[in-house]
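Student: mmCIF, N, CA and C atoms, file start.cif:
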```cif
data_target
#
loop_
_atom_site.label_atom_id
_atom_site.label_comp_id
_atom_site.auth_asym_id
_atom_site.auth_seq_id
_atom_site.Cartn_x
_atom_site.Cartn_y
_atom_site.Cartn_z
N MET A 1 59.96 38.77 6.22
CA MET A 1 60.86 37.71 5.91
C MET A 1 60.75 36.56 6.91
N ARG A 2 60.64 36.96 8.17
CA ARG A 2 60.51 35.94 9.20
C ARG A 2 59.27 35.09 8.96
N THR A 3 58.18 35.72 8.56
CA THR A 3 56.93 35.00 8.31
C THR A 3 57.11 34.01 7.18
N LEU A 4 57.85 34.39 6.17
CA LEU A 4 58.09 33.51 5.04
C LEU A 4 58.92 32.31 5.46
N LEU A 5 59.95 32.55 6.26
CA LEU A 5 60.78 31.44 6.74
C LEU A 5 59.98 30.51 7.64
N PHE A 6 59.17 31.08 8.49
CA PHE A 6 58.33 30.27 9.38
C PHE A 6 57.37 29.40 8.57
N ALA A 7 56.75 29.97 7.55
CA ALA A 7 55.81 29.24 6.71
C ALA A 7 56.52 28.11 5.97
N LEU A 8 57.72 28.39 5.47
CA LEU A 8 58.48 27.35 4.76
C LEU A 8 58.91 26.24 5.72
N ALA A 9 59.16 26.58 6.96
CA ALA A 9 59.58 25.57 7.94
C ALA A 9 58.40 24.69 8.36
N ILE A 10 57.23 25.22 8.37
CA ILE A 10 56.04 24.47 8.82
C ILE A 10 55.51 23.54 7.74
N VAL A 11 55.63 23.89 6.49
CA VAL A 11 55.05 23.11 5.40
C VAL A 11 55.48 21.65 5.44
N PRO A 12 56.74 21.30 5.64
CA PRO A 12 57.11 19.87 5.68
C PRO A 12 56.44 19.12 6.83
N PHE A 13 56.26 19.80 7.97
CA PHE A 13 55.63 19.14 9.11
C PHE A 13 54.15 18.87 8.84
N LEU A 14 53.50 19.80 8.17
CA LEU A 14 52.09 19.61 7.82
C LEU A 14 51.93 18.46 6.83
N ALA A 15 52.85 18.35 5.91
CA ALA A 15 52.78 17.27 4.93
C ALA A 15 52.97 15.93 5.62
N MET A 16 53.90 15.86 6.59
CA MET A 16 54.13 14.59 7.30
C MET A 16 52.93 14.23 8.17
N SER A 17 52.35 15.20 8.83
CA SER A 17 51.21 14.90 9.70
C SER A 17 50.01 14.42 8.88
N ALA A 18 49.86 14.92 7.66
CA ALA A 18 48.78 14.47 6.80
C ALA A 18 49.00 13.04 6.37
N ALA A 19 50.27 12.63 6.21
CA ALA A 19 50.59 11.27 5.81
C ALA A 19 50.38 10.30 6.97
N ILE A 20 50.55 10.77 8.19
CA ILE A 20 50.42 9.91 9.37
C ILE A 20 48.95 9.64 9.69
N VAL A 21 48.10 10.61 9.53
CA VAL A 21 46.68 10.45 9.86
C VAL A 21 46.05 9.53 8.83
N PRO A 22 45.47 8.40 9.27
CA PRO A 22 44.87 7.47 8.31
C PRO A 22 43.66 8.11 7.63
N ALA A 23 43.59 7.85 6.37
CA ALA A 23 42.45 8.37 5.62
C ALA A 23 41.21 7.55 5.96
N THR A 24 40.13 8.22 6.18
CA THR A 24 38.89 7.50 6.47
C THR A 24 38.17 7.21 5.17
N ALA A 25 37.67 6.02 5.09
CA ALA A 25 36.94 5.62 3.89
C ALA A 25 35.66 6.44 3.80
N PRO A 26 35.32 6.86 2.62
CA PRO A 26 34.08 7.62 2.49
C PRO A 26 32.88 6.77 2.88
N THR A 27 31.99 7.36 3.59
CA THR A 27 30.78 6.66 4.02
C THR A 27 29.84 6.52 2.84
N PRO A 28 29.40 5.29 2.57
CA PRO A 28 28.47 5.13 1.45
C PRO A 28 27.16 5.85 1.76
N THR A 29 26.69 6.58 0.81
CA THR A 29 25.42 7.29 1.00
C THR A 29 24.38 6.67 0.10
N THR A 30 23.70 5.69 0.66
CA THR A 30 22.63 5.04 -0.07
C THR A 30 21.32 5.61 0.44
N THR A 31 20.63 6.25 -0.42
CA THR A 31 19.34 6.80 -0.02
C THR A 31 18.25 6.09 -0.82
N THR A 32 17.41 5.45 -0.08
CA THR A 32 16.28 4.81 -0.72
C THR A 32 15.07 5.69 -0.50
N THR A 33 14.55 6.18 -1.56
CA THR A 33 13.38 7.04 -1.45
C THR A 33 12.18 6.26 -1.95
N SER A 34 11.36 5.85 -1.02
CA SER A 34 10.12 5.21 -1.43
C SER A 34 9.01 6.07 -0.86
N SER A 35 8.65 7.06 -1.58
CA SER A 35 7.63 7.98 -1.10
C SER A 35 6.28 7.27 -1.14
N LEU A 36 5.61 7.34 -0.03
CA LEU A 36 4.30 6.71 0.09
C LEU A 36 3.29 7.58 -0.66
N ARG A 37 2.72 7.02 -1.69
CA ARG A 37 1.71 7.73 -2.48
C ARG A 37 0.39 7.03 -2.27
N THR A 38 -0.49 7.62 -1.52
CA THR A 38 -1.80 7.00 -1.31
C THR A 38 -2.83 7.67 -2.21
N LYS A 39 -3.76 6.85 -2.62
CA LYS A 39 -4.82 7.31 -3.49
C LYS A 39 -6.12 6.69 -3.00
N LYS A 40 -7.21 7.34 -3.33
CA LYS A 40 -8.53 6.84 -2.94
C LYS A 40 -9.28 6.46 -4.21
N VAL A 41 -9.92 5.29 -4.16
CA VAL A 41 -10.75 4.86 -5.28
C VAL A 41 -12.07 4.34 -4.71
N ILE A 42 -13.13 4.52 -5.46
CA ILE A 42 -14.45 4.02 -5.07
C ILE A 42 -14.87 2.98 -6.10
N ILE A 43 -15.19 1.79 -5.62
CA ILE A 43 -15.54 0.67 -6.49
C ILE A 43 -16.98 0.24 -6.19
N LYS A 44 -17.78 0.15 -7.23
CA LYS A 44 -19.17 -0.34 -7.10
C LYS A 44 -19.13 -1.85 -7.00
N THR A 45 -19.82 -2.39 -5.99
CA THR A 45 -19.83 -3.85 -5.77
C THR A 45 -21.25 -4.38 -5.86
N SER A 46 -21.37 -5.68 -5.70
CA SER A 46 -22.69 -6.32 -5.67
C SER A 46 -23.05 -6.77 -4.25
N ALA A 47 -22.46 -6.12 -3.25
CA ALA A 47 -22.71 -6.48 -1.85
C ALA A 47 -24.16 -6.20 -1.46
N VAL A 48 -24.71 -7.08 -0.61
CA VAL A 48 -26.10 -6.90 -0.19
C VAL A 48 -26.31 -6.93 1.32
N CYS A 49 -25.32 -7.40 2.08
CA CYS A 49 -25.55 -7.51 3.53
C CYS A 49 -24.26 -7.27 4.32
N GLY A 50 -24.41 -7.35 5.62
CA GLY A 50 -23.27 -7.15 6.51
C GLY A 50 -22.17 -8.19 6.31
N MET A 51 -22.57 -9.41 5.97
CA MET A 51 -21.58 -10.46 5.72
C MET A 51 -20.77 -10.11 4.46
N CYS A 52 -21.45 -9.58 3.46
CA CYS A 52 -20.76 -9.14 2.23
C CYS A 52 -19.74 -8.05 2.58
N LYS A 53 -20.17 -7.10 3.39
CA LYS A 53 -19.32 -5.98 3.81
C LYS A 53 -18.05 -6.51 4.46
N THR A 54 -18.20 -7.42 5.41
CA THR A 54 -17.06 -7.98 6.11
C THR A 54 -16.13 -8.72 5.15
N THR A 55 -16.69 -9.52 4.28
CA THR A 55 -15.90 -10.32 3.33
C THR A 55 -15.10 -9.42 2.39
N ILE A 56 -15.75 -8.42 1.84
CA ILE A 56 -15.07 -7.52 0.88
C ILE A 56 -13.99 -6.70 1.58
N GLU A 57 -14.30 -6.15 2.73
CA GLU A 57 -13.32 -5.34 3.45
C GLU A 57 -12.10 -6.18 3.84
N LYS A 58 -12.34 -7.41 4.31
CA LYS A 58 -11.22 -8.29 4.68
C LYS A 58 -10.37 -8.66 3.47
N ALA A 59 -11.02 -8.93 2.34
CA ALA A 59 -10.29 -9.31 1.13
C ALA A 59 -9.37 -8.17 0.68
N LEU A 60 -9.86 -6.96 0.76
CA LEU A 60 -9.05 -5.80 0.35
C LEU A 60 -7.96 -5.50 1.37
N GLN A 61 -8.29 -5.56 2.65
CA GLN A 61 -7.30 -5.24 3.68
C GLN A 61 -6.20 -6.28 3.78
N ALA A 62 -6.42 -7.46 3.20
CA ALA A 62 -5.38 -8.49 3.19
C ALA A 62 -4.27 -8.17 2.19
N LEU A 63 -4.54 -7.24 1.29
CA LEU A 63 -3.54 -6.86 0.28
C LEU A 63 -2.51 -5.92 0.89
N ASP A 64 -1.24 -6.21 0.63
CA ASP A 64 -0.17 -5.32 1.09
C ASP A 64 -0.26 -4.02 0.30
N GLY A 65 -0.49 -2.94 0.99
CA GLY A 65 -0.62 -1.65 0.34
C GLY A 65 -1.97 -1.00 0.54
N VAL A 66 -2.93 -1.74 1.07
CA VAL A 66 -4.25 -1.16 1.35
C VAL A 66 -4.20 -0.56 2.76
N ALA A 67 -4.46 0.73 2.83
CA ALA A 67 -4.47 1.42 4.12
C ALA A 67 -5.83 1.30 4.79
N LYS A 68 -6.89 1.38 3.97
CA LYS A 68 -8.24 1.32 4.53
C LYS A 68 -9.23 0.90 3.44
N ALA A 69 -10.20 0.10 3.82
CA ALA A 69 -11.28 -0.29 2.92
C ALA A 69 -12.57 -0.24 3.72
N GLU A 70 -13.54 0.52 3.21
CA GLU A 70 -14.82 0.65 3.91
C GLU A 70 -15.96 0.61 2.91
N LEU A 71 -16.86 -0.35 3.11
CA LEU A 71 -17.98 -0.53 2.21
C LEU A 71 -19.24 0.10 2.78
N ASP A 72 -19.94 0.86 1.97
CA ASP A 72 -21.23 1.45 2.33
C ASP A 72 -22.30 0.56 1.71
N LEU A 73 -23.06 -0.12 2.54
CA LEU A 73 -24.08 -1.05 2.04
C LEU A 73 -25.22 -0.36 1.31
N VAL A 74 -25.53 0.87 1.66
CA VAL A 74 -26.62 1.59 1.00
C VAL A 74 -26.28 1.83 -0.47
N THR A 75 -25.06 2.28 -0.72
CA THR A 75 -24.65 2.57 -2.10
C THR A 75 -23.97 1.38 -2.77
N GLN A 76 -23.62 0.38 -1.99
CA GLN A 76 -22.87 -0.80 -2.45
C GLN A 76 -21.48 -0.44 -2.97
N LYS A 77 -20.95 0.68 -2.50
CA LYS A 77 -19.63 1.13 -2.96
C LYS A 77 -18.61 0.99 -1.84
N VAL A 78 -17.44 0.49 -2.23
CA VAL A 78 -16.34 0.37 -1.28
C VAL A 78 -15.31 1.45 -1.60
N THR A 79 -14.94 2.19 -0.56
CA THR A 79 -13.92 3.22 -0.69
C THR A 79 -12.61 2.62 -0.18
N VAL A 80 -11.59 2.67 -1.03
CA VAL A 80 -10.31 2.06 -0.70
C VAL A 80 -9.21 3.12 -0.78
N ARG A 81 -8.41 3.19 0.27
CA ARG A 81 -7.20 4.03 0.27
C ARG A 81 -6.04 3.06 0.18
N TYR A 82 -5.18 3.28 -0.83
CA TYR A 82 -4.11 2.33 -1.09
C TYR A 82 -2.84 3.03 -1.55
N ASP A 83 -1.73 2.32 -1.41
CA ASP A 83 -0.41 2.82 -1.81
C ASP A 83 -0.21 2.51 -3.29
N THR A 84 -0.09 3.55 -4.10
CA THR A 84 0.05 3.37 -5.55
C THR A 84 1.41 2.79 -5.93
N ASN A 85 2.36 2.78 -5.00
CA ASN A 85 3.66 2.13 -5.27
C ASN A 85 3.54 0.61 -5.20
N LYS A 86 2.48 0.12 -4.55
CA LYS A 86 2.32 -1.33 -4.37
C LYS A 86 1.14 -1.91 -5.13
N LEU A 87 0.11 -1.13 -5.37
CA LEU A 87 -1.13 -1.65 -5.96
C LEU A 87 -1.66 -0.72 -7.04
N ASP A 88 -2.53 -1.28 -7.86
CA ASP A 88 -3.28 -0.47 -8.81
C ASP A 88 -4.76 -0.83 -8.69
N VAL A 89 -5.61 -0.06 -9.33
CA VAL A 89 -7.06 -0.25 -9.21
C VAL A 89 -7.48 -1.62 -9.74
N ALA A 90 -6.85 -2.08 -10.81
CA ALA A 90 -7.21 -3.38 -11.38
C ALA A 90 -7.01 -4.50 -10.35
N THR A 91 -5.94 -4.43 -9.58
CA THR A 91 -5.67 -5.44 -8.55
C THR A 91 -6.74 -5.39 -7.46
N LEU A 92 -7.17 -4.19 -7.10
CA LEU A 92 -8.22 -4.05 -6.08
C LEU A 92 -9.53 -4.66 -6.57
N ARG A 93 -9.86 -4.38 -7.82
CA ARG A 93 -11.10 -4.96 -8.39
C ARG A 93 -11.02 -6.48 -8.45
N GLN A 94 -9.86 -6.99 -8.81
CA GLN A 94 -9.68 -8.45 -8.88
C GLN A 94 -9.83 -9.09 -7.50
N ALA A 95 -9.38 -8.41 -6.46
CA ALA A 95 -9.52 -8.94 -5.09
C ALA A 95 -10.99 -9.05 -4.71
N VAL A 96 -11.79 -8.04 -5.08
CA VAL A 96 -13.23 -8.08 -4.80
C VAL A 96 -13.88 -9.20 -5.60
N ALA A 97 -13.52 -9.33 -6.87
CA ALA A 97 -14.07 -10.40 -7.72
C ALA A 97 -13.69 -11.77 -7.20
N ALA A 98 -12.46 -11.90 -6.71
CA ALA A 98 -12.00 -13.19 -6.16
C ALA A 98 -12.75 -13.56 -4.89
N ALA A 99 -13.29 -12.56 -4.21
CA ALA A 99 -14.09 -12.82 -3.00
C ALA A 99 -15.52 -13.22 -3.35
N GLY A 100 -15.91 -13.08 -4.64
CA GLY A 100 -17.23 -13.51 -5.08
C GLY A 100 -18.19 -12.39 -5.44
N TYR A 101 -17.69 -11.17 -5.55
CA TYR A 101 -18.55 -10.02 -5.81
C TYR A 101 -18.12 -9.28 -7.07
N ASP A 102 -19.09 -8.65 -7.72
CA ASP A 102 -18.77 -7.79 -8.86
C ASP A 102 -18.02 -6.57 -8.35
N ALA A 103 -17.09 -6.08 -9.17
CA ALA A 103 -16.32 -4.88 -8.82
C ALA A 103 -16.26 -4.00 -10.06
N ASP A 104 -17.11 -2.99 -10.11
CA ASP A 104 -17.27 -2.15 -11.30
C ASP A 104 -17.59 -3.07 -12.48
N GLU A 105 -16.78 -3.03 -13.53
CA GLU A 105 -17.05 -3.85 -14.71
C GLU A 105 -16.47 -5.26 -14.61
N VAL A 106 -15.76 -5.57 -13.52
CA VAL A 106 -15.17 -6.90 -13.35
C VAL A 106 -16.19 -7.81 -12.66
N PRO A 107 -16.61 -8.88 -13.34
CA PRO A 107 -17.60 -9.77 -12.72
C PRO A 107 -16.98 -10.65 -11.63
N ALA A 108 -17.83 -11.07 -10.71
CA ALA A 108 -17.39 -11.97 -9.65
C ALA A 108 -16.87 -13.26 -10.27
N ARG A 109 -15.89 -13.85 -9.65
CA ARG A 109 -15.40 -15.14 -10.14
C ARG A 109 -16.47 -16.20 -9.83
N PRO A 110 -16.85 -16.99 -10.84
CA PRO A 110 -17.96 -17.93 -10.68
C PRO A 110 -17.83 -18.87 -9.48
N LYS A 111 -16.67 -19.48 -9.28
CA LYS A 111 -16.50 -20.41 -8.14
C LYS A 111 -16.68 -19.69 -6.82
N ALA A 112 -16.10 -18.50 -6.71
CA ALA A 112 -16.20 -17.73 -5.46
C ALA A 112 -17.66 -17.32 -5.22
N TYR A 113 -18.35 -16.94 -6.29
CA TYR A 113 -19.75 -16.55 -6.16
C TYR A 113 -20.60 -17.73 -5.70
N GLU A 114 -20.35 -18.91 -6.26
CA GLU A 114 -21.11 -20.11 -5.86
C GLU A 114 -20.93 -20.43 -4.39
N ASN A 115 -19.74 -20.13 -3.86
CA ASN A 115 -19.44 -20.44 -2.46
C ASN A 115 -19.97 -19.41 -1.47
N LEU A 116 -20.53 -18.31 -1.97
CA LEU A 116 -21.09 -17.31 -1.06
C LEU A 116 -22.34 -17.86 -0.37
N PRO A 117 -22.61 -17.41 0.85
CA PRO A 117 -23.88 -17.78 1.49
C PRO A 117 -25.03 -17.25 0.64
N ASN A 118 -26.18 -17.89 0.71
CA ASN A 118 -27.33 -17.49 -0.09
C ASN A 118 -27.71 -16.03 0.09
N CYS A 119 -27.57 -15.52 1.29
CA CYS A 119 -27.97 -14.13 1.54
C CYS A 119 -27.05 -13.13 0.82
N CYS A 120 -25.89 -13.59 0.37
CA CYS A 120 -24.93 -12.70 -0.28
C CYS A 120 -25.03 -12.72 -1.81
N LYS A 121 -25.94 -13.51 -2.32
CA LYS A 121 -26.06 -13.62 -3.78
C LYS A 121 -27.01 -12.56 -4.32
N LYS A 122 -26.76 -12.15 -5.54
CA LYS A 122 -27.57 -11.10 -6.19
C LYS A 122 -29.03 -11.52 -6.26
N GLY A 123 -29.89 -10.55 -6.08
CA GLY A 123 -31.32 -10.80 -6.19
C GLY A 123 -31.93 -11.40 -4.94
N THR A 124 -31.14 -11.56 -3.90
CA THR A 124 -31.69 -12.09 -2.65
C THR A 124 -31.77 -10.97 -1.64
N SER A 125 -32.63 -11.16 -0.70
CA SER A 125 -32.70 -10.17 0.38
C SER A 125 -32.34 -10.88 1.67
N CYS A 126 -31.64 -10.18 2.47
CA CYS A 126 -31.20 -10.76 3.74
C CYS A 126 -32.30 -10.64 4.78
N GLY A 127 -32.35 -11.65 5.61
CA GLY A 127 -33.24 -11.56 6.77
C GLY A 127 -32.58 -10.64 7.78
N PRO A 128 -33.30 -10.23 8.81
CA PRO A 128 -32.73 -9.30 9.78
C PRO A 128 -31.47 -9.84 10.46
N ASP A 129 -31.41 -11.16 10.68
CA ASP A 129 -30.23 -11.73 11.33
C ASP A 129 -29.06 -11.81 10.36
N GLU A 130 -29.33 -12.12 9.10
CA GLU A 130 -28.25 -12.27 8.12
C GLU A 130 -27.60 -10.92 7.79
N ALA A 131 -28.37 -9.85 7.80
CA ALA A 131 -27.84 -8.53 7.47
C ALA A 131 -26.81 -8.05 8.49
N LYS A 132 -26.86 -8.61 9.69
CA LYS A 132 -25.94 -8.18 10.75
C LYS A 132 -24.64 -8.98 10.77
N HIS A 133 -24.49 -10.00 9.98
CA HIS A 133 -23.30 -10.87 10.01
C HIS A 133 -22.05 -10.09 9.82
#
```
Let's see the structure in the file written out as structure tokens.

Tutor:
Amino acid sequence: MRTLLFALAIVPFLAMSAAIVPATAPTPTTTTTSSLRTKKVIIKTSAVCGMCKTTIEKALQALDGVAKAELDLVTQKVTVRYDTNKLDVATLRQAVAAAGYDADEVPARPKAYENLPNCCKKGTSCGPDEAKH
């Protein structure tokens, strides 16, 4: 009986103390999940020399979302690691074409191709100094 009376006596005090303590606003829980999804693609180019390699790699690395671009001059293929949340393969090919080079089935943009140094044009061979550019 004493326990029951004690419990009944405490309940009003607990209710008052709960009213006195200010309620804290719930903390907003905003979670932005942008999972980095990287993918590797290999694109056949029309590169012929070291200058071509530099130009193509720089054009690709200038894109937001490209982690790495490396061109192998022997195979004329550029390997690109990119974030699929930001880029797609078509955009990568267009960047190579905009630099003046063929990219798989996407032809080089004519104006960009015209502006390439002679050693970088199809059907030409680079001299020993030009290949090192």

Student: Check what the PyMOL selection byres ((chain A and resi 102-108) around 5) selects in the file above and give those residues as a list of chain:residue names.

Tutor: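 This file gives the following for the PyMOL selection byres ((chain A and resi 102-108) around 5): A:Lys44, A:Thr45, A:Ser46, A:Ala97, A:Gly100, A:Tyr101, A:Arg109, A:Pro110.
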
Student: Skip Leu73 in chain A itself and residues of its chain fewer than 4 positions away, then list as a list in words all residues within 8 Å of it, counting only N, CA and C atoms.

Tutor: Ala47, Val48, Cys49, Gly50, Lys53, Lys77 and Val78 of chain A

Student: Those same residues, written as a PDB file, keeping the file's coordinate frame with N, CA and C atoms?

Tutor:
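Output file out.pdb is given in full below:
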```
ATOM      1  N   ALA A  47     -22.460  -6.120  -3.250  1.00  0.00           N
ATOM      2  CA  ALA A  47     -22.710  -6.480  -1.850  1.00  0.00           C
ATOM      3  C   ALA A  47     -24.160  -6.200  -1.460  1.00  0.00           C
ATOM      4  N   VAL A  48     -24.710  -7.080  -0.610  1.00  0.00           N
ATOM      5  CA  VAL A  48     -26.100  -6.900  -0.190  1.00  0.00           C
ATOM      6  C   VAL A  48     -26.310  -6.930   1.320  1.00  0.00           C
ATOM      7  N   CYS A  49     -25.320  -7.400   2.080  1.00  0.00           N
ATOM      8  CA  CYS A  49     -25.550  -7.510   3.530  1.00  0.00           C
ATOM      9  C   CYS A  49     -24.260  -7.270   4.320  1.00  0.00           C
ATOM     10  N   GLY A  50     -24.410  -7.350   5.620  1.00  0.00           N
ATOM     11  CA  GLY A  50     -23.270  -7.150   6.510  1.00  0.00           C
ATOM     12  C   GLY A  50     -22.170  -8.190   6.310  1.00  0.00           C
ATOM     13  N   LYS A  53     -20.170  -7.100   3.390  1.00  0.00           N
ATOM     14  CA  LYS A  53     -19.320  -5.980   3.810  1.00  0.00           C
ATOM     15  C   LYS A  53     -18.050  -6.510   4.460  1.00  0.00           C
ATOM     16  N   LYS A  77     -20.950   0.680  -2.500  1.00  0.00           N
ATOM     17  CA  LYS A  77     -19.630   1.130  -2.960  1.00  0.00           C
ATOM     18  C   LYS A  77     -18.610   0.990  -1.840  1.00  0.00           C
ATOM     19  N   VAL A  78     -17.440   0.490  -2.230  1.00  0.00           N
ATOM     20  CA  VAL A  78     -16.340   0.370  -1.280  1.00  0.00           C
ATOM     21  C   VAL A  78     -15.310   1.450  -1.600  1.00  0.00           C
TER      22      VAL A  78
END
```

Student: Excluding Val66 in chain A and its own-chain neighbours fewer than 5 positions away, which residues fall within 6.5 Å of it when counting all atoms listed in the file? Please give them as a list in words.

Tutor: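 Near neighbours after the sequence-gap exclusion: Leu60, Gln61, Arg81, Tyr82 and Asp83 of chain A.
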
Student: Between A:Val96, A:Ala112, A:Cys119, A:Ile43, single out the one closest to Leu63 in chain A, counting only C-alpha atoms.

Tutor: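 Ranked by minimum distance to Leu63 in chain A, first place goes to A:Val96.
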
Student: For the atom pair atom C of Lys111 in chain A and atom C of Asn85 in chain A, what is the interatomic distance in Å to one decimal place?

Tutor: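 One can read the atom C of Lys111 in chain A to atom C of Asn85 in chain A distance as 28.7 Å.
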
Student: Atom N of Ala62 in chain A to atom C of Gln76 in chain A: how many Å, to one decimal?

Tutor: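 Straight-line distance from atom N of Ala62 in chain A to atom C of Gln76 in chain A works out to 17.7 Å.
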
Student: Just give me the gap between atom C of Ala99 in chain A and atom N of Thr84 in chain A in Å, one decimal is fine.

Tutor: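 Interatomic distance here is 22.8 Å.
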